[in-house]
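Chemist: The structure's right below; bear with me while I get my questions together.
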Amino acid sequence: MLVFTILTSLLMYLLIDQSYFVELVGFLAVFTEAMLGTPQLVKNFQHKSTEGMSISMVIMWTCGDIFKTLYFLFREAPLQFWVCGSIQVAVDVLILIQVYVYKQHDEPQRMRPHRGD
């Protein structure tokens, strides 16, 4: 992690005057943030369950992403900000849909230990 930090800091220092580089770094930052919910979305899909996931956390996360995306739109932020914000909101909504769909199942699809009762 230290080597990565040093190398990227050096690269940023050398290319700070190159607008294409700064724009690329900015896009990578907001795109990485936009994809944060994707591993949870995939895990839920694979297990056909949202068991153990905090629904209130996802709702608050969705509200924050909606407000942030609206802020980007109203403040006329560069395209990559509101596109990535929209991706975040879409992933959040898909996770909330999974919560609804997978709650319809009585039991999650994964194996339950047999109690022998």
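Chain identifiers are assigned as A, B, and so on, following the order in which chains appear in the structure tokens; residues are numbered from 1 within each chain, and ligands are numbered from 1 in order of appearance.
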Find the spatial neighbours of Glu33 in chain A, counting only C-alpha atoms, within a cut-off of 12 Å - ignore same-chain residues fewer than 5 positions away - and output them as a PDB file with all heavy atoms, in the first residue's frame.
Modeler:
```pdb
ATOM      1  N   GLY A  26      -9.974  11.691 -11.496  1.00  0.00           N
ATOM      2  CA  GLY A  26     -11.265  12.054 -10.923  1.00  0.00           C
ATOM      3  C   GLY A  26     -12.347  11.056 -11.301  1.00  0.00           C
ATOM      4  O   GLY A  26     -13.144  10.638 -10.452  1.00  0.00           O
ATOM      5  N   PHE A  27     -12.372  10.658 -12.572  1.00  0.00           N
ATOM      6  CA  PHE A  27     -13.366   9.677 -13.009  1.00  0.00           C
ATOM      7  C   PHE A  27     -13.163   8.348 -12.290  1.00  0.00           C
ATOM      8  O   PHE A  27     -14.130   7.728 -11.831  1.00  0.00           O
ATOM      9  CB  PHE A  27     -13.301   9.458 -14.519  1.00  0.00           C
ATOM     10  CG  PHE A  27     -14.157   8.307 -14.964  1.00  0.00           C
ATOM     11  CD1 PHE A  27     -15.532   8.449 -15.023  1.00  0.00           C
ATOM     12  CD2 PHE A  27     -13.586   7.083 -15.272  1.00  0.00           C
ATOM     13  CE1 PHE A  27     -16.333   7.371 -15.401  1.00  0.00           C
ATOM     14  CE2 PHE A  27     -14.374   6.014 -15.642  1.00  0.00           C
ATOM     15  CZ  PHE A  27     -15.749   6.155 -15.718  1.00  0.00           C
ATOM     16  N   LEU A  28     -11.913   7.889 -12.209  1.00  0.00           N
ATOM     17  CA  LEU A  28     -11.644   6.617 -11.528  1.00  0.00           C
ATOM     18  C   LEU A  28     -12.078   6.662 -10.066  1.00  0.00           C
ATOM     19  O   LEU A  28     -12.594   5.674  -9.531  1.00  0.00           O
ATOM     20  CB  LEU A  28     -10.158   6.253 -11.636  1.00  0.00           C
ATOM     21  CG  LEU A  28      -9.691   5.855 -13.034  1.00  0.00           C
ATOM     22  CD1 LEU A  28      -8.172   5.656 -13.042  1.00  0.00           C
ATOM     23  CD2 LEU A  28     -10.402   4.600 -13.516  1.00  0.00           C
ATOM     24  N   THR A  38     -21.810  -2.995  -5.568  1.00  0.00           N
ATOM     25  CA  THR A  38     -21.901  -4.101  -6.519  1.00  0.00           C
ATOM     26  C   THR A  38     -21.532  -5.456  -5.918  1.00  0.00           C
ATOM     27  O   THR A  38     -22.245  -6.438  -6.170  1.00  0.00           O
ATOM     28  CB  THR A  38     -21.058  -3.796  -7.770  1.00  0.00           C
ATOM     29  OG1 THR A  38     -21.477  -2.533  -8.294  1.00  0.00           O
ATOM     30  CG2 THR A  38     -21.235  -4.856  -8.835  1.00  0.00           C
ATOM     31  N   ASP A  65     -27.130   8.770  -1.596  1.00  0.00           N
ATOM     32  CA  ASP A  65     -26.725   8.758  -3.006  1.00  0.00           C
ATOM     33  C   ASP A  65     -27.676   9.579  -3.870  1.00  0.00           C
ATOM     34  O   ASP A  65     -27.259  10.246  -4.817  1.00  0.00           O
ATOM     35  CB  ASP A  65     -26.627   7.319  -3.523  1.00  0.00           C
ATOM     36  CG  ASP A  65     -25.445   6.567  -2.918  1.00  0.00           C
ATOM     37  OD1 ASP A  65     -24.513   7.225  -2.414  1.00  0.00           O
ATOM     38  OD2 ASP A  65     -25.457   5.321  -2.960  1.00  0.00           O
ATOM     39  N   GLN A  80     -19.230  13.083 -15.416  1.00  0.00           N
ATOM     40  CA  GLN A  80     -18.872  11.845 -14.720  1.00  0.00           C
ATOM     41  C   GLN A  80     -19.442  11.788 -13.304  1.00  0.00           C
ATOM     42  O   GLN A  80     -19.725  10.713 -12.794  1.00  0.00           O
ATOM     43  CB  GLN A  80     -17.361  11.604 -14.704  1.00  0.00           C
ATOM     44  CG  GLN A  80     -16.550  12.554 -13.866  1.00  0.00           C
ATOM     45  CD  GLN A  80     -15.938  13.671 -14.671  1.00  0.00           C
ATOM     46  OE1 GLN A  80     -16.490  14.085 -15.679  1.00  0.00           O
ATOM     47  NE2 GLN A  80     -14.802  14.183 -14.240  1.00  0.00           N
ATOM     48  N   PHE A  81     -19.651  12.928 -12.665  1.00  0.00           N
ATOM     49  CA  PHE A  81     -20.178  12.934 -11.307  1.00  0.00           C
ATOM     50  C   PHE A  81     -21.625  12.458 -11.266  1.00  0.00           C
ATOM     51  O   PHE A  81     -21.986  11.608 -10.471  1.00  0.00           O
ATOM     52  CB  PHE A  81     -20.062  14.329 -10.682  1.00  0.00           C
ATOM     53  CG  PHE A  81     -18.676  14.680 -10.277  1.00  0.00           C
ATOM     54  CD1 PHE A  81     -17.857  15.394 -11.138  1.00  0.00           C
ATOM     55  CD2 PHE A  81     -18.180  14.296  -9.041  1.00  0.00           C
ATOM     56  CE1 PHE A  81     -16.562  15.713 -10.778  1.00  0.00           C
ATOM     57  CE2 PHE A  81     -16.889  14.613  -8.669  1.00  0.00           C
ATOM     58  CZ  PHE A  81     -16.075  15.327  -9.541  1.00  0.00           C
ATOM     59  N   VAL A  83     -23.286  10.869 -13.663  1.00  0.00           N
ATOM     60  CA  VAL A  83     -23.417   9.522 -14.239  1.00  0.00           C
ATOM     61  C   VAL A  83     -23.071   8.480 -13.180  1.00  0.00           C
ATOM     62  O   VAL A  83     -23.820   7.520 -12.963  1.00  0.00           O
ATOM     63  CB  VAL A  83     -22.525   9.353 -15.492  1.00  0.00           C
ATOM     64  CG1 VAL A  83     -22.402   7.890 -15.883  1.00  0.00           C
ATOM     65  CG2 VAL A  83     -23.069  10.168 -16.640  1.00  0.00           C
ATOM     66  N   CYS A  84     -21.964   8.680 -12.489  1.00  0.00           N
ATOM     67  CA  CYS A  84     -21.566   7.729 -11.453  1.00  0.00           C
ATOM     68  C   CYS A  84     -22.536   7.761 -10.274  1.00  0.00           C
ATOM     69  O   CYS A  84     -22.835   6.720  -9.680  1.00  0.00           O
ATOM     70  CB  CYS A  84     -20.133   7.998 -11.000  1.00  0.00           C
ATOM     71  SG  CYS A  84     -18.912   7.538 -12.261  1.00  0.00           S
ATOM     72  N   GLY A  85     -23.061   8.928  -9.943  1.00  0.00           N
ATOM     73  CA  GLY A  85     -24.082   9.017  -8.901  1.00  0.00           C
ATOM     74  C   GLY A  85     -25.327   8.239  -9.286  1.00  0.00           C
ATOM     75  O   GLY A  85     -25.938   7.559  -8.451  1.00  0.00           O
ATOM     76  N   SER A  86     -25.701   8.314 -10.549  1.00  0.00           N
ATOM     77  CA  SER A  86     -26.859   7.562 -11.035  1.00  0.00           C
ATOM     78  C   SER A  86     -26.614   6.060 -10.968  1.00  0.00           C
ATOM     79  O   SER A  86     -27.521   5.289 -10.647  1.00  0.00           O
ATOM     80  CB  SER A  86     -27.195   7.974 -12.472  1.00  0.00           C
ATOM     81  OG  SER A  86     -27.530   9.336 -12.519  1.00  0.00           O
ATOM     82  N   ILE A  87     -25.391   5.644 -11.255  1.00  0.00           N
ATOM     83  CA  ILE A  87     -25.028   4.226 -11.129  1.00  0.00           C
ATOM     84  C   ILE A  87     -25.185   3.787  -9.675  1.00  0.00           C
ATOM     85  O   ILE A  87     -25.743   2.719  -9.391  1.00  0.00           O
ATOM     86  CB  ILE A  87     -23.597   3.962 -11.635  1.00  0.00           C
ATOM     87  CG1 ILE A  87     -23.520   4.143 -13.151  1.00  0.00           C
ATOM     88  CG2 ILE A  87     -23.126   2.558 -11.241  1.00  0.00           C
ATOM     89  CD1 ILE A  87     -22.108   4.136 -13.709  1.00  0.00           C
ATOM     90  N   GLN A  88     -24.707   4.611  -8.739  1.00  0.00           N
ATOM     91  CA  GLN A  88     -24.838   4.285  -7.316  1.00  0.00           C
ATOM     92  C   GLN A  88     -26.295   4.125  -6.922  1.00  0.00           C
ATOM     93  O   GLN A  88     -26.647   3.170  -6.224  1.00  0.00           O
ATOM     94  CB  GLN A  88     -24.223   5.388  -6.454  1.00  0.00           C
ATOM     95  CG  GLN A  88     -22.729   5.325  -6.358  1.00  0.00           C
ATOM     96  CD  GLN A  88     -22.207   6.443  -5.489  1.00  0.00           C
ATOM     97  OE1 GLN A  88     -22.297   7.612  -5.860  1.00  0.00           O
ATOM     98  NE2 GLN A  88     -21.664   6.098  -4.343  1.00  0.00           N
ATOM     99  N   VAL A  89     -27.131   5.039  -7.340  1.00  0.00           N
ATOM    100  CA  VAL A  89     -28.561   4.973  -6.999  1.00  0.00           C
ATOM    101  C   VAL A  89     -29.168   3.711  -7.602  1.00  0.00           C
ATOM    102  O   VAL A  89     -29.952   3.013  -6.938  1.00  0.00           O
ATOM    103  CB  VAL A  89     -29.298   6.239  -7.471  1.00  0.00           C
ATOM    104  CG1 VAL A  89     -30.802   6.084  -7.304  1.00  0.00           C
ATOM    105  CG2 VAL A  89     -28.802   7.464  -6.710  1.00  0.00           C
ATOM    106  N   VAL A  91     -27.700   0.824  -8.309  1.00  0.00           N
ATOM    107  CA  VAL A  91     -27.248  -0.339  -7.538  1.00  0.00           C
ATOM    108  C   VAL A  91     -27.992  -0.415  -6.202  1.00  0.00           C
ATOM    109  O   VAL A  91     -28.452  -1.487  -5.796  1.00  0.00           O
ATOM    110  CB  VAL A  91     -25.712  -0.306  -7.319  1.00  0.00           C
ATOM    111  CG1 VAL A  91     -25.265  -1.353  -6.320  1.00  0.00           C
ATOM    112  CG2 VAL A  91     -24.989  -0.508  -8.647  1.00  0.00           C
TER     113      VAL A  91
END
```
Chemist: Excluding Met53 in chain A and any residue of its chain fewer than 2 positions from it, enumerate the residues within 12 Å of it, using only C-alpha atoms, and give them as an mmCIF file with N, CA and C atoms, in the first residue's frame.
Modeler:
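Contents of selection_30.cif, freshly written:
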```
data_model
loop_
_atom_site.group_PDB
_atom_site.id
_atom_site.type_symbol
_atom_site.label_atom_id
_atom_site.label_comp_id
_atom_site.auth_asym_id
_atom_site.auth_seq_id
_atom_site.Cartn_x
_atom_site.Cartn_y
_atom_site.Cartn_z
ATOM 1 N N GLN A 40 -22.028 -6.536 -2.929
ATOM 2 C CA GLN A 40 -23.180 -6.958 -2.127
ATOM 3 C C GLN A 40 -24.321 -7.401 -3.031
ATOM 4 N N LEU A 41 -24.547 -6.664 -4.113
ATOM 5 C CA LEU A 41 -25.591 -7.012 -5.077
ATOM 6 C C LEU A 41 -25.346 -8.408 -5.651
ATOM 7 N N LYS A 43 -23.405 -10.846 -4.361
ATOM 8 C CA LYS A 43 -23.491 -11.852 -3.289
ATOM 9 C C LYS A 43 -24.949 -12.195 -2.996
ATOM 10 N N ASN A 44 -25.802 -11.173 -2.908
ATOM 11 C CA ASN A 44 -27.225 -11.413 -2.673
ATOM 12 C C ASN A 44 -27.813 -12.276 -3.785
ATOM 13 N N SER A 49 -30.485 -14.414 -1.255
ATOM 14 C CA SER A 49 -30.823 -14.033 0.108
ATOM 15 C C SER A 49 -30.173 -12.695 0.445
ATOM 16 N N THR A 50 -30.862 -11.945 1.304
ATOM 17 C CA THR A 50 -30.280 -10.724 1.866
ATOM 18 C C THR A 50 -30.184 -10.858 3.382
ATOM 19 N N GLU A 51 -30.231 -12.093 3.853
ATOM 20 C CA GLU A 51 -30.172 -12.365 5.285
ATOM 21 C C GLU A 51 -28.921 -11.744 5.902
ATOM 22 N N ILE A 55 -31.137 -3.469 6.332
ATOM 23 C CA ILE A 55 -31.987 -2.772 5.377
ATOM 24 C C ILE A 55 -31.960 -1.268 5.634
ATOM 25 N N SER A 56 -31.952 -0.879 6.917
ATOM 26 C CA SER A 56 -31.915 0.558 7.229
ATOM 27 C C SER A 56 -30.630 1.191 6.705
ATOM 28 N N MET A 57 -29.522 0.451 6.722
ATOM 29 C CA MET A 57 -28.279 0.979 6.178
ATOM 30 C C MET A 57 -28.410 1.220 4.676
ATOM 31 N N VAL A 58 -29.028 0.277 3.970
ATOM 32 C CA VAL A 58 -29.183 0.414 2.521
ATOM 33 C C VAL A 58 -30.131 1.574 2.193
ATOM 34 N N ILE A 59 -31.180 1.745 2.988
ATOM 35 C CA ILE A 59 -32.107 2.857 2.765
ATOM 36 C C ILE A 59 -31.393 4.192 2.970
ATOM 37 N N ILE A 95 -30.497 -3.433 -4.915
ATOM 38 C CA ILE A 95 -30.346 -4.134 -3.631
ATOM 39 C C ILE A 95 -31.656 -4.093 -2.846
ATOM 40 N N LEU A 96 -32.337 -2.955 -2.846
ATOM 41 C CA LEU A 96 -33.628 -2.862 -2.155
ATOM 42 C C LEU A 96 -34.671 -3.770 -2.811
ATOM 43 N N GLN A 98 -33.911 -6.582 -4.275
ATOM 44 C CA GLN A 98 -33.528 -7.912 -3.808
ATOM 45 C C GLN A 98 -34.089 -8.183 -2.416
ATOM 46 N N VAL A 99 -34.046 -7.184 -1.538
ATOM 47 C CA VAL A 99 -34.582 -7.352 -0.193
ATOM 48 C C VAL A 99 -36.048 -7.756 -0.280
ATOM 49 N N TYR A 102 -36.336 -11.429 -2.182
ATOM 50 C CA TYR A 102 -35.819 -12.558 -1.430
ATOM 51 C C TYR A 102 -36.528 -12.753 -0.091
ATOM 52 N N LYS A 103 -37.201 -11.734 0.408
ATOM 53 C CA LYS A 103 -38.006 -11.906 1.627
ATOM 54 C C LYS A 103 -39.249 -12.731 1.337
#
```
Chemist: Just how far from CA of Pro78 in chain A is CA of Tyr20 in chain A, in Å to one decimal?
Modeler: 13.5 Å
Chemist: Could you check which of A:Leu2, A:Val30, A:Val101, A:Asp92 is closest to Gly64 in chain A, using only C-alpha atoms?
Modeler: A:Asp92
Chemist: According to DSSP computed on the backbone, where in chain A is there helix (DSSP H, G or I)? Give the residues as JSON, numbers by chain.
Modeler: {"A": [2, 3, 4, 5, 6, 7, 8, 9, 10, 11, 12, 13, 14, 15, 19, 20, 21, 22, 23, 24, 25, 26, 27, 28, 29, 30, 31, 32, 33, 34, 38, 39, 40, 41, 42, 43, 44, 45, 46, 47, 55, 56, 57, 58, 59, 60, 61, 62, 63, 64, 65, 66, 67, 68, 69, 70, 71, 72, 73, 74, 79, 80, 81, 82, 83, 84, 85, 86, 87, 88, 89, 90, 91, 92, 93, 94, 95, 96, 97, 98, 99, 100, 101, 102, 103]}
